[in-house]
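Asks: File query-v3.txt below, compact mmCIF, C-alpha atoms and all ligand atoms:
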```
# COMPACT_ATOMS: atom_id res chain seq x y z
CA MET A 1 -14.88 -19.23 -6.21
CA LEU A 2 -11.81 -19.51 -4.07
CA GLU A 3 -11.31 -23.12 -3.10
CA GLN A 4 -15.04 -23.30 -2.60
CA GLN A 5 -15.08 -27.09 -2.64
CA ASN A 6 -12.44 -27.40 0.01
CA HIS A 7 -14.00 -24.72 2.09
CA SER A 8 -17.36 -26.41 2.29
CA MET A 9 -15.55 -29.24 4.06
CA VAL A 10 -14.10 -26.86 6.60
CA VAL A 11 -17.57 -26.29 7.98
CA ALA A 12 -17.39 -29.85 9.28
CA GLU A 13 -15.29 -29.72 12.42
CA ALA A 14 -13.67 -32.79 13.94
CA GLY A 15 -16.63 -33.37 16.25
CA ASP A 16 -18.96 -33.75 13.25
CA THR A 17 -17.42 -36.97 11.92
CA PRO A 18 -19.99 -38.46 9.50
CA THR A 19 -21.85 -41.52 10.83
CA ALA A 20 -20.60 -43.84 8.09
CA PHE A 21 -17.09 -42.74 8.86
CA ARG A 22 -17.62 -43.22 12.60
CA ASN A 23 -18.87 -46.77 12.20
CA CYS A 24 -15.65 -47.88 10.57
CA VAL A 25 -13.13 -49.90 12.58
CA PRO A 26 -10.69 -49.10 14.03
CA GLN A 27 -12.54 -45.90 14.87
CA LEU A 28 -9.79 -44.13 16.78
CA PHE A 29 -7.30 -44.46 13.96
CA LEU A 30 -9.77 -43.18 11.34
CA GLU A 31 -10.94 -40.28 13.48
CA ASP A 32 -7.34 -39.30 13.88
CA ILE A 33 -6.87 -39.24 10.10
CA TYR A 34 -10.13 -37.31 9.76
CA ARG A 35 -9.04 -34.68 12.27
CA THR A 36 -5.65 -34.31 10.62
CA THR A 37 -7.28 -33.97 7.17
CA ILE A 38 -9.64 -31.27 8.42
CA ARG A 39 -6.73 -29.42 9.98
CA ILE A 40 -4.76 -29.50 6.72
CA ILE A 41 -7.77 -28.38 4.67
CA LYS A 42 -8.43 -25.60 7.17
CA MET A 43 -4.85 -24.41 6.94
CA ARG A 44 -5.00 -24.40 3.15
CA SER A 45 -8.36 -22.76 2.60
CA ALA A 46 -9.37 -20.60 5.57
CA CYS A 47 -6.51 -18.25 5.23
CA LEU A 48 -7.72 -14.71 4.78
CA ILE A 49 -7.30 -12.06 7.46
CA ASP A 50 -8.97 -8.69 6.92
CA VAL A 51 -6.61 -6.42 8.86
CA ALA A 52 -8.74 -3.25 8.73
CA LEU A 53 -12.48 -2.91 8.44
CA ASN A 54 -15.08 -0.77 10.14
CA LEU A 55 -17.60 -3.28 11.40
CA THR A 56 -18.82 -0.85 14.06
CA ASP A 57 -20.35 1.19 11.24
CA CYS A 58 -24.12 1.51 11.41
CA VAL A 59 -24.47 0.56 7.72
CA PHE A 60 -23.85 -3.06 8.72
CA HIS A 61 -26.96 -2.85 10.87
CA GLY A 62 -29.26 -1.38 8.23
CA VAL A 63 -28.95 2.28 9.31
CA ASP A 64 -27.49 5.08 7.18
CA TRP A 65 -25.07 7.79 8.37
CA LYS A 66 -27.93 10.14 9.12
CA GLY A 67 -29.35 7.58 11.52
CA LYS A 68 -32.22 6.54 9.23
CA ARG A 69 -33.16 2.86 9.10
CA LEU A 70 -32.92 1.55 5.51
CA HIS A 71 -33.39 -2.18 5.99
CA ASP A 72 -33.28 -4.93 8.61
CA ASP A 73 -30.02 -5.64 10.38
CA ASP A 74 -28.02 -8.09 8.23
CA PHE A 75 -24.82 -8.21 10.30
CA GLU A 76 -25.04 -12.00 10.73
CA HIS A 77 -25.19 -12.41 6.94
CA VAL A 78 -22.12 -10.22 6.52
CA LEU A 79 -20.16 -12.45 8.91
CA SER A 80 -21.44 -15.66 7.28
CA ARG A 81 -20.53 -14.50 3.79
CA ALA A 82 -17.01 -13.67 4.98
CA ALA A 83 -16.65 -17.13 6.51
CA SER A 84 -17.92 -18.77 3.30
CA VAL A 85 -14.86 -17.54 1.39
CA GLY A 86 -12.38 -18.33 4.14
CA VAL A 87 -12.06 -15.01 5.96
CA GLU A 88 -10.87 -16.37 9.26
CA THR A 89 -10.14 -13.18 11.21
CA MET A 90 -11.51 -9.64 10.86
CA ILE A 91 -9.69 -6.87 12.71
CA ILE A 92 -12.13 -4.04 13.42
CA THR A 93 -10.51 -0.63 13.31
CA GLY A 94 -10.85 1.52 16.42
CA THR A 95 -11.26 5.09 15.17
CA SER A 96 -12.28 7.06 18.28
CA LEU A 97 -12.50 6.34 21.98
CA ALA A 98 -16.20 5.47 21.80
CA GLN A 99 -15.78 3.43 18.59
CA SER A 100 -12.93 1.53 20.22
CA VAL A 101 -15.17 0.60 23.16
CA LYS A 102 -17.87 -0.45 20.70
CA ALA A 103 -15.33 -2.51 18.72
CA VAL A 104 -14.19 -4.33 21.87
CA ARG A 105 -17.82 -5.18 22.72
CA LEU A 106 -18.49 -6.43 19.22
CA CYS A 107 -15.42 -8.67 19.47
CA ARG A 108 -16.63 -10.04 22.81
CA LYS A 109 -20.01 -10.86 21.27
CA TYR A 110 -18.56 -12.49 18.15
CA LYS A 111 -15.16 -13.67 19.32
CA GLU A 112 -15.77 -17.19 18.04
CA ARG A 113 -16.61 -15.79 14.60
CA GLY A 114 -13.11 -14.35 14.30
CA LEU A 115 -13.61 -10.73 15.36
CA ARG A 116 -10.63 -8.86 16.82
CA CYS A 117 -9.98 -5.13 17.00
CA THR A 118 -7.59 -2.25 17.41
CA VAL A 119 -7.92 0.58 19.94
CA GLY A 120 -6.93 4.13 19.11
CA VAL A 121 -8.04 7.51 17.76
CA HIS A 122 -8.00 8.28 14.03
CA PRO A 123 -6.63 11.72 13.03
CA ALA A 124 -10.10 12.94 12.01
CA HIS A 125 -11.26 12.33 15.59
CA ALA A 126 -8.13 13.67 17.31
CA SER A 127 -9.94 16.83 18.51
CA GLU A 128 -11.82 14.64 20.97
CA PHE A 129 -8.67 14.51 23.12
CA SER A 130 -9.26 18.12 24.21
CA ARG A 131 -12.81 17.41 25.41
CA PRO A 132 -13.77 15.96 28.81
CA LEU A 133 -14.48 12.23 28.85
CA VAL A 134 -18.16 11.64 29.60
CA LEU A 135 -18.48 7.94 30.29
CA SER A 136 -22.27 7.84 30.11
CA ASP A 137 -22.06 9.14 26.51
CA VAL A 138 -19.48 6.51 25.61
CA GLU A 139 -21.65 3.84 27.20
CA SER A 140 -24.85 4.75 25.37
CA PHE A 141 -23.00 4.96 22.05
CA ALA A 142 -21.18 1.66 22.51
CA GLU A 143 -24.27 -0.25 23.61
CA ASP A 144 -26.27 0.69 20.51
CA GLU A 145 -25.01 -1.31 17.51
CA SER A 146 -26.67 1.05 15.05
CA SER A 147 -25.37 4.26 16.65
CA VAL A 148 -23.62 6.80 14.44
CA ILE A 149 -20.60 8.90 15.34
CA THR A 150 -19.04 11.62 13.21
CA PRO A 151 -15.87 13.49 14.06
CA LYS A 152 -16.45 16.90 15.64
CA ASN A 153 -14.20 19.87 15.19
CA ASN A 154 -12.58 21.41 18.21
CA ASP A 155 -15.25 24.12 18.50
CA ALA A 156 -15.25 24.39 22.29
CA SER A 157 -12.33 26.28 23.70
CA PHE A 158 -10.43 24.78 26.58
CA SER A 159 -7.48 26.27 28.36
CA PRO A 160 -4.15 24.46 27.79
CA GLU A 161 -4.41 23.11 31.35
CA GLU A 162 -7.92 21.76 30.74
CA GLU A 163 -6.91 20.20 27.44
CA ASP A 164 -3.92 18.61 29.10
CA ALA A 165 -6.06 17.10 31.86
CA ASN A 166 -8.71 15.89 29.37
CA SER A 167 -6.20 14.30 27.00
CA THR A 168 -4.36 12.58 29.87
CA CYS A 169 -7.65 11.16 31.11
CA ARG A 170 -8.52 9.87 27.62
CA LEU A 171 -5.07 8.36 27.00
CA GLU A 172 -5.25 6.56 30.36
CA TYR A 173 -8.73 5.28 29.55
CA LEU A 174 -7.56 3.95 26.17
CA GLU A 175 -4.54 2.30 27.76
CA LYS A 176 -6.72 0.55 30.32
CA LEU A 177 -9.11 -0.54 27.56
CA ILE A 178 -6.20 -2.18 25.76
CA ARG A 179 -4.72 -3.79 28.88
CA ASP A 180 -8.07 -5.17 30.05
CA ASN A 181 -8.94 -6.70 26.67
CA LYS A 182 -5.69 -8.09 25.32
CA ASP A 183 -7.42 -11.29 24.18
CA VAL A 184 -9.35 -9.34 21.53
CA VAL A 185 -7.31 -6.13 21.08
CA VAL A 186 -4.52 -7.12 18.70
CA ALA A 187 -3.05 -3.69 17.90
CA VAL A 188 -3.04 0.00 18.72
CA GLY A 189 -4.71 2.11 16.07
CA GLU A 190 -5.64 3.48 13.84
CA ILE A 191 -3.48 6.51 14.46
CA GLY A 192 -1.74 8.78 11.99
CA ILE A 193 -2.21 11.80 9.75
CA ASP A 194 -5.00 12.63 7.31
CA TYR A 195 -5.09 16.05 5.67
CA ALA A 196 -8.23 15.10 3.76
CA GLU A 197 -9.98 15.46 7.13
CA LEU A 198 -8.75 18.93 8.08
CA SER A 199 -12.32 20.24 8.28
CA TYR A 200 -12.79 17.91 11.27
CA CYS A 201 -9.41 18.26 12.87
CA PRO A 202 -6.64 20.80 12.25
CA ARG A 203 -3.14 19.77 11.28
CA GLU A 204 -1.45 20.64 14.58
CA THR A 205 -4.01 18.69 16.61
CA GLN A 206 -3.60 15.63 14.35
CA GLU A 207 0.18 15.76 14.64
CA THR A 208 0.15 16.34 18.42
CA TYR A 209 -2.06 13.33 19.14
CA PHE A 210 -0.36 11.10 16.59
CA ILE A 211 2.86 11.51 18.55
CA LYS A 212 1.15 11.43 21.98
CA GLN A 213 -0.52 8.13 21.12
CA LEU A 214 2.79 6.69 19.88
CA ASP A 215 4.43 7.78 23.15
CA ALA A 216 1.64 6.53 25.38
CA PHE A 217 1.06 3.14 23.77
CA SER A 218 4.44 2.01 22.46
CA ARG A 219 5.27 0.47 25.86
CA LEU A 220 2.29 -1.91 25.63
CA GLY A 221 4.12 -4.36 23.36
CA LEU A 222 1.44 -4.36 20.66
CA PRO A 223 1.87 -3.62 16.96
CA PHE A 224 0.42 -0.40 15.52
CA LEU A 225 -2.12 0.14 12.75
CA LEU A 226 -1.09 3.41 11.11
CA HIS A 227 -3.10 5.69 8.85
CA SER A 228 -1.59 8.08 6.28
CA ARG A 229 -3.63 9.96 3.67
CA GLU A 230 -3.04 13.03 1.53
CA CYS A 231 -0.37 14.45 3.80
CA GLY A 232 2.65 14.45 1.52
CA ASP A 233 5.67 13.24 3.44
CA HIS A 234 4.45 14.62 6.80
CA PHE A 235 3.44 11.20 8.06
CA THR A 236 6.71 9.52 7.14
CA ARG A 237 8.76 12.47 8.45
CA LEU A 238 6.96 12.56 11.82
CA LEU A 239 7.09 8.79 12.22
CA GLY A 240 10.74 8.64 11.13
CA GLU A 241 11.72 11.36 13.64
CA TRP A 242 9.78 9.64 16.40
CA MET A 243 11.41 6.28 15.66
CA GLU A 244 14.89 7.88 15.71
CA LYS A 245 14.26 9.14 19.25
CA GLN A 246 13.31 5.77 20.70
CA PRO A 247 15.82 4.22 23.12
CA THR A 248 17.81 1.44 21.49
CA ASP A 249 17.08 -0.99 24.34
CA GLN A 250 13.34 -0.93 23.50
CA PRO A 251 11.82 -3.69 21.33
CA PRO A 252 11.75 -2.52 17.69
CA PHE A 253 8.69 -0.53 16.65
CA CYS A 254 6.22 -2.73 14.80
CA GLY A 255 3.67 -1.05 12.54
CA VAL A 256 1.53 -1.60 9.46
CA VAL A 257 0.50 1.38 7.35
CA HIS A 258 -3.01 0.67 6.21
CA SER A 259 -5.07 1.66 3.21
CA PHE A 260 -1.75 2.52 1.65
CA ASN A 261 -1.74 4.67 -1.47
CA GLY A 262 1.35 6.80 -0.99
CA SER A 263 4.21 7.63 -3.33
CA PRO A 264 7.00 5.20 -4.37
CA GLU A 265 9.42 7.18 -2.13
CA GLU A 266 7.07 6.83 0.82
CA GLN A 267 6.72 3.11 0.12
CA ARG A 268 10.49 2.69 -0.03
CA PHE A 269 10.99 4.71 3.18
CA LEU A 270 8.43 2.67 5.12
CA LEU A 271 9.91 -0.63 3.96
CA GLU A 272 13.42 0.55 4.85
CA LYS A 273 12.14 1.44 8.33
CA GLY A 274 10.96 -2.16 8.75
CA LEU A 275 7.26 -1.33 8.48
CA PHE A 276 4.52 -3.35 6.80
CA LEU A 277 1.90 -2.17 4.31
CA SER A 278 -1.73 -3.17 4.03
CA ILE A 279 -3.61 -2.61 0.79
CA ASN A 280 -7.28 -2.65 -0.17
CA GLY A 281 -9.35 -2.14 -3.32
CA SER A 282 -8.40 1.53 -3.56
CA ALA A 283 -4.80 0.56 -4.45
CA PHE A 284 -6.06 -0.85 -7.75
CA ARG A 285 -8.06 2.10 -9.03
CA GLU A 286 -5.24 3.20 -11.33
CA ARG A 287 -2.51 1.28 -13.11
CA ARG A 288 0.33 3.35 -11.60
CA LEU A 289 -0.44 2.55 -7.97
CA ALA A 290 -1.39 -1.05 -8.78
CA GLU A 291 2.06 -1.53 -10.31
CA GLN A 292 3.74 0.15 -7.32
CA VAL A 293 2.07 -1.94 -4.61
CA CYS A 294 2.90 -5.12 -6.52
CA GLN A 295 6.55 -4.39 -5.65
CA ILE A 296 5.90 -4.74 -1.89
CA PRO A 297 7.61 -7.95 -0.70
CA LEU A 298 5.02 -10.56 0.33
CA ASP A 299 6.59 -10.85 3.76
CA ARG A 300 5.73 -7.17 4.35
CA LEU A 301 2.30 -7.19 2.75
CA MET A 302 -1.19 -7.52 4.23
CA PHE A 303 -4.70 -7.29 2.82
CA GLU A 304 -7.80 -5.51 4.07
CA THR A 305 -11.17 -4.35 2.77
CA ASP A 306 -11.49 -1.12 4.82
CA ALA A 307 -15.21 -1.95 4.58
CA PRO A 308 -17.68 -0.32 4.15
CA TRP A 309 -15.30 1.85 2.06
CA CYS A 310 -12.95 1.05 -0.80
CA ASP A 311 -15.02 -1.43 -2.80
CA ILE A 312 -13.59 -2.52 -6.16
CA ARG A 313 -15.67 -1.00 -8.96
CA ASN A 314 -15.85 -1.97 -12.61
CA LYS A 315 -14.10 1.22 -13.73
CA ASP A 316 -11.05 0.39 -11.59
CA TYR A 317 -7.90 -0.83 -13.33
CA GLY A 318 -7.78 -3.97 -11.18
CA PHE A 319 -11.39 -4.94 -11.86
CA GLN A 320 -10.31 -7.01 -14.90
CA TYR A 321 -8.89 -9.57 -12.46
CA VAL A 322 -11.98 -10.00 -10.25
CA LYS A 323 -13.19 -13.60 -10.52
CA THR A 324 -15.60 -13.91 -7.59
CA GLN A 325 -18.88 -12.00 -7.68
CA PHE A 326 -21.53 -12.17 -4.98
CA PRO A 327 -25.30 -11.81 -5.38
CA THR A 328 -25.76 -8.08 -4.80
CA THR A 329 -28.76 -5.78 -4.34
CA LYS A 330 -28.53 -2.61 -6.43
CA LYS A 331 -28.06 0.66 -4.59
CA LYS A 332 -31.32 2.33 -3.49
CA LYS A 333 -33.30 -0.92 -4.04
CA PRO A 334 -34.76 -2.74 -1.01
CA LEU A 335 -32.10 -5.10 0.32
CA VAL A 336 -32.70 -8.73 -0.57
CA MET A 337 -31.71 -10.32 2.72
CA GLY A 338 -28.67 -12.54 2.31
CA THR A 339 -27.14 -10.55 -0.54
CA CYS A 340 -24.43 -7.89 -0.58
CA LEU A 341 -25.40 -4.26 -1.06
CA GLU A 342 -23.93 -2.32 -3.99
CA ARG A 343 -21.21 0.15 -2.86
CA ARG A 344 -21.19 -1.22 0.71
CA ASN A 345 -17.90 -3.04 0.85
CA GLU A 346 -17.80 -5.97 3.28
CA PRO A 347 -15.30 -8.59 4.46
CA CYS A 348 -16.30 -11.29 1.93
CA HIS A 349 -14.78 -9.00 -0.72
CA MET A 350 -11.35 -9.85 0.70
CA VAL A 351 -11.34 -12.58 -1.90
CA GLN A 352 -11.56 -9.94 -4.64
CA VAL A 353 -8.62 -8.01 -3.15
CA VAL A 354 -6.52 -11.20 -3.35
CA GLU A 355 -7.68 -11.95 -6.90
CA VAL A 356 -6.92 -8.45 -8.10
CA PHE A 357 -3.54 -8.35 -6.37
CA THR A 358 -2.55 -11.71 -7.89
CA GLY A 359 -3.69 -10.65 -11.37
CA CYS A 360 -1.80 -7.36 -11.18
CA TYR A 361 1.25 -8.99 -9.60
CA ASN A 362 1.53 -11.45 -12.47
CA GLU A 363 1.03 -8.65 -15.00
CA PHE A 364 3.81 -6.51 -13.51
CA ASN A 365 6.17 -9.30 -12.46
CA LYS A 366 6.13 -11.52 -15.55
CA ASP A 367 9.52 -13.02 -14.67
CA LYS A 368 8.27 -14.41 -11.32
CA PRO A 369 4.64 -15.51 -11.66
CA ILE A 370 2.82 -16.63 -8.54
CA THR A 371 -0.40 -18.52 -7.85
CA GLN A 372 -3.24 -17.05 -5.85
CA GLU A 373 -2.84 -19.85 -3.36
CA ALA A 374 0.82 -18.96 -2.80
CA VAL A 375 -0.06 -15.27 -2.34
CA MET A 376 -2.69 -16.18 0.24
CA GLU A 377 -0.40 -18.52 2.15
CA ARG A 378 2.47 -16.06 2.34
CA VAL A 379 0.35 -13.05 3.27
CA TYR A 380 -1.55 -15.16 5.80
CA HIS A 381 1.72 -16.15 7.42
CA THR A 382 2.97 -12.54 7.46
CA THR A 383 -0.26 -11.25 8.99
CA ASN A 384 -0.61 -14.01 11.54
CA SER A 385 2.84 -13.49 12.96
CA PHE A 386 2.58 -9.67 12.89
CA PHE A 387 -0.61 -9.64 14.99
CA HIS A 388 0.30 -12.74 17.03
CA LEU A 389 -2.93 -14.43 16.02
CA SER A 390 -3.55 -18.17 16.47
CA PRO A 391 -0.97 -20.48 14.84
ZN ZN B 401 -7.49 4.52 8.03
```
Can the structure in the file be given as structure tokens, please?
Replies:
Amino acid sequence: MLEQQNHSMVVAEAGDTPTAFRNCVPQLFLEDIYRTTIRIIKMRSACLIDVALNLTDCVFHGVDWKGKRLHDDDFEHVLSRAASVGVETMIITGTSLAQSVKAVRLCRKYKERGLRCTVGVHPAHASEFSRPLVLSDVESFAEDESSVITPKNNDASFSPEEEDANSTCRLEYLEKLIRDNKDVVVAVGEIGIDYAELSYCPRETQETYFIKQLDAFSRLGLPFLLHSRECGDHFTRLLGEWMEKQPTDQPPFCGVVHSFNGSPEEQRFLLEKGLFLSINGSAFRERRLAEQVCQIPLDRLMFETDAPWCDIRNKDYGFQYVKTQFPTTKKKKPLVMGTCLERRNEPCHMVQVVEVFTGCYNEFNKDKPITQEAVMERVYHTTNSFFHLSP
């Protein structure tokens, strides 16, 4: 278990000074040492940031994607397990307008537990830009923690003028959502291209609203969470062209490409453009990609779970390096409250992502071995400064 001993001490905050400790004289001096010690331990152990996970998903509230209740809500347990291995911040991915509103509300409710979010529309949901914004629908979806939303294809036909008015209204709404909630919204996203989702949203619509969101939100001064999947070099080409067109007096574009599993050329291009890459369990399914992502400089690297997706399975190449296992209920068995659920990835598994990365890194970089602690510290520093999180 990752620094488990140290971490158990982190639970004791400065205000909880043990009685025996408090009775010592001189009290002020000792309390000062105690506070400093706690701060140092906290810096060393609570240093995982999950930069992309889908905590608005109904599966974290015991409901499946068809809306059927499977077990009691265990959301609190999910958050507690994450904290127990030092996951300090969890950045919930905004994937549609309604999911973004729901993510902001979840962050408000659990801000002290380290929840933050992004606001944006995923390529699979990009068809929603052509539809009118019905606020009562958004409201009822966002208020229900176990609500389910699936992307809908652009089946209704709107005139170009109507689509233009609807998309403008939605972009303005999203911008206001970001501006009004800057204490919890740490990035724009996820936006990008995903040709694995063409049945939900055609190519042209994805590309149009990728660029429109870049245009609309780049002036907000926030970093971007970018999504690229199964689209060849279309994502890098579109992004590269867009970046070329930006005025030189603007602050440099700041983006992290998440769930990265692209080609070596794509990886090189993104790094050359000054972008960051965030990897999850899916990067370690095969040896080839595991070796490739271990070449990403640590000052450009971030970690995520992409929960509830992308769990690390025993057939994956990287599984050999997993050290931390959690009590887990088998799939299709009644959930034993307080345990993980097989195949439902969750933020506590961040510790496995770090273990697997470190194991693979040392396998593929034998000339420059690194400890897990050093990986965590460097990636923590990178992530913290990228998202402007607490020092
Ligand atoms: Zn994504």
Asks: Near stretch 348-359 of chain A, within 7 Å and counting all atoms listed in the file, which residues show up once chain neighbours fewer than 6 positions away are dropped, as an MDAnalysis selection string?
Replies: chainID A and resid 50 81:82 85 87 280:281 304:305 318:319 321:324 372
Asks: For the selection just defined, write its residues with C-alpha atoms to a file, as a PDB file, in the frame of the given file.
Replies:
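Below is the file out_32.pdb, written as the result:
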```
ATOM      1  CA  ASP A  50      -8.970  -8.690   6.920  1.00  0.00           C
ATOM      2  CA  ARG A  81     -20.530 -14.500   3.790  1.00  0.00           C
ATOM      3  CA  ALA A  82     -17.010 -13.670   4.980  1.00  0.00           C
ATOM      4  CA  VAL A  85     -14.860 -17.540   1.390  1.00  0.00           C
ATOM      5  CA  VAL A  87     -12.060 -15.010   5.960  1.00  0.00           C
ATOM      6  CA  ASN A 280      -7.280  -2.650  -0.170  1.00  0.00           C
ATOM      7  CA  GLY A 281      -9.350  -2.140  -3.320  1.00  0.00           C
ATOM      8  CA  GLU A 304      -7.800  -5.510   4.070  1.00  0.00           C
ATOM      9  CA  THR A 305     -11.170  -4.350   2.770  1.00  0.00           C
ATOM     10  CA  GLY A 318      -7.780  -3.970 -11.180  1.00  0.00           C
ATOM     11  CA  PHE A 319     -11.390  -4.940 -11.860  1.00  0.00           C
ATOM     12  CA  TYR A 321      -8.890  -9.570 -12.460  1.00  0.00           C
ATOM     13  CA  VAL A 322     -11.980 -10.000 -10.250  1.00  0.00           C
ATOM     14  CA  LYS A 323     -13.190 -13.600 -10.520  1.00  0.00           C
ATOM     15  CA  THR A 324     -15.600 -13.910  -7.590  1.00  0.00           C
ATOM     16  CA  GLN A 372      -3.240 -17.050  -5.850  1.00  0.00           C
TER      17      GLN A 372
END
```
Asks: Ligand ZN 401 (chain B): which residues are within 8 Å, counting all atoms listed in the file? Reply as a list in words.
Replies: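 Taking all atoms listed in the file into account, the residues around ligand ZN 401 (chain B) at most 8 Å away are Ala52, Thr93, His122, Glu190, Ile191, Leu226, His227, Ser228, Arg229, His258, Ser259 and Asp306 of chain A.
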Asks: Near A:Leu239, counting all atoms listed in the file, which residues have an atom at most 10 Å away, once you skip same-chain residues fewer than 3 positions from it, shown as a ChimeraX atom specification?
Replies: /A:192,210-211,214,226,233-236,242-244,270,273
Asks: State, in Å with one decimal place, the distance from atom CA of A:Ile178 to atom CA of A:Val121.
Replies: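 Taking atom CA of A:Ile178 as the start and atom CA of A:Val121 as the end point, the length is 12.7 Å.
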Asks: Within 12 Å of A:Arg179, counting only C-alpha atoms, which residues qualify if same-chain residues fewer than 2 places away don't, as a ChimeraX atom specification?
Replies: /A:104,118-119,172-177,181-188,217,219-222
Asks: So the first atom is atom CA of A:Asn345 and the second is atom CA of A:Gly232; what is the distance between them in Å, to one decimal place?
Replies: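 So the answer is 27.0 Å.
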Asks: One number please: atom CA of A:Val257 to atom CA of A:Phe276, in Å, one decimal.
Replies: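 Distance between the two atoms: 6.2 Å.
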Asks: Hey, what's within 7 Å of A:Met90 if we count all atoms listed in the file and toss same-chain stuff fewer than 3 positions away? As a list in words, please?
Replies: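 Here the qualifying residues turn out to be Ile49, Asp50, Val51, Gly114, Leu115 and Arg116 of chain A.
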Asks: Check the smallest atom-to-atom distance from each of A:Thr383, A:Ala124, A:Cys201, A:Leu97 to A:Cys169 using only C-alpha atoms, then report the winner.
Replies: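 Selected residue with least distance to A:Cys169: A:Leu97.
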Asks: Assuming the input is short of atoms at stretch 50-64 of chain A, produce N, CA and C atoms for that part as a PDB file, keeping the file's coordinate frame.
Replies:
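Okay, this is what ended up in out38.pdb:
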```pdb
ATOM      1  N   ASP A  50      -8.668 -10.075   7.301  1.00  0.00           N
ATOM      2  CA  ASP A  50      -8.970  -8.690   6.920  1.00  0.00           C
ATOM      3  C   ASP A  50      -8.403  -7.806   8.038  1.00  0.00           C
ATOM      4  N   VAL A  51      -7.309  -7.114   7.763  1.00  0.00           N
ATOM      5  CA  VAL A  51      -6.610  -6.420   8.860  1.00  0.00           C
ATOM      6  C   VAL A  51      -7.206  -5.058   9.197  1.00  0.00           C
ATOM      7  N   ALA A  52      -8.124  -4.546   8.391  1.00  0.00           N
ATOM      8  CA  ALA A  52      -8.740  -3.250   8.730  1.00  0.00           C
ATOM      9  C   ALA A  52     -10.110  -3.141   8.078  1.00  0.00           C
ATOM     10  N   LEU A  53     -11.117  -3.135   8.931  1.00  0.00           N
ATOM     11  CA  LEU A  53     -12.480  -2.910   8.440  1.00  0.00           C
ATOM     12  C   LEU A  53     -13.291  -2.286   9.557  1.00  0.00           C
ATOM     13  N   ASN A  54     -14.327  -1.572   9.169  1.00  0.00           N
ATOM     14  CA  ASN A  54     -15.080  -0.770  10.140  1.00  0.00           C
ATOM     15  C   ASN A  54     -16.428  -1.417  10.445  1.00  0.00           C
ATOM     16  N   LEU A  55     -16.356  -2.541  11.143  1.00  0.00           N
ATOM     17  CA  LEU A  55     -17.600  -3.280  11.400  1.00  0.00           C
ATOM     18  C   LEU A  55     -18.477  -2.620  12.459  1.00  0.00           C
ATOM     19  N   THR A  56     -17.968  -1.580  13.115  1.00  0.00           N
ATOM     20  CA  THR A  56     -18.820  -0.850  14.060  1.00  0.00           C
ATOM     21  C   THR A  56     -19.732   0.134  13.322  1.00  0.00           C
ATOM     22  N   ASP A  57     -19.564   0.224  12.012  1.00  0.00           N
ATOM     23  CA  ASP A  57     -20.350   1.190  11.240  1.00  0.00           C
ATOM     24  C   ASP A  57     -21.820   0.776  11.198  1.00  0.00           C
ATOM     25  N   CYS A  58     -22.681   1.779  11.371  1.00  0.00           N
ATOM     26  CA  CYS A  58     -24.120   1.510  11.410  1.00  0.00           C
ATOM     27  C   CYS A  58     -24.659   0.914  10.104  1.00  0.00           C
ATOM     28  N   VAL A  59     -23.956   1.099   8.992  1.00  0.00           N
ATOM     29  CA  VAL A  59     -24.470   0.560   7.720  1.00  0.00           C
ATOM     30  C   VAL A  59     -24.520  -0.971   7.726  1.00  0.00           C
ATOM     31  N   PHE A  60     -23.770  -1.602   8.624  1.00  0.00           N
ATOM     32  CA  PHE A  60     -23.850  -3.060   8.720  1.00  0.00           C
ATOM     33  C   PHE A  60     -25.035  -3.508   9.584  1.00  0.00           C
ATOM     34  N   HIS A  61     -25.761  -2.536  10.077  1.00  0.00           N
ATOM     35  CA  HIS A  61     -26.960  -2.850  10.870  1.00  0.00           C
ATOM     36  C   HIS A  61     -28.196  -2.224  10.234  1.00  0.00           C
ATOM     37  N   GLY A  62     -28.085  -1.854   8.973  1.00  0.00           N
ATOM     38  CA  GLY A  62     -29.260  -1.380   8.230  1.00  0.00           C
ATOM     39  C   GLY A  62     -29.595   0.086   8.432  1.00  0.00           C
ATOM     40  N   VAL A  63     -28.669   0.865   9.018  1.00  0.00           N
ATOM     41  CA  VAL A  63     -28.950   2.280   9.310  1.00  0.00           C
ATOM     42  C   VAL A  63     -27.954   3.147   8.536  1.00  0.00           C
ATOM     43  N   ASP A  64     -28.429   4.233   7.931  1.00  0.00           N
ATOM     44  CA  ASP A  64     -27.490   5.080   7.180  1.00  0.00           C
ATOM     45  C   ASP A  64     -26.803   6.084   8.109  1.00  0.00           C
TER      46      ASP A  64
END
```
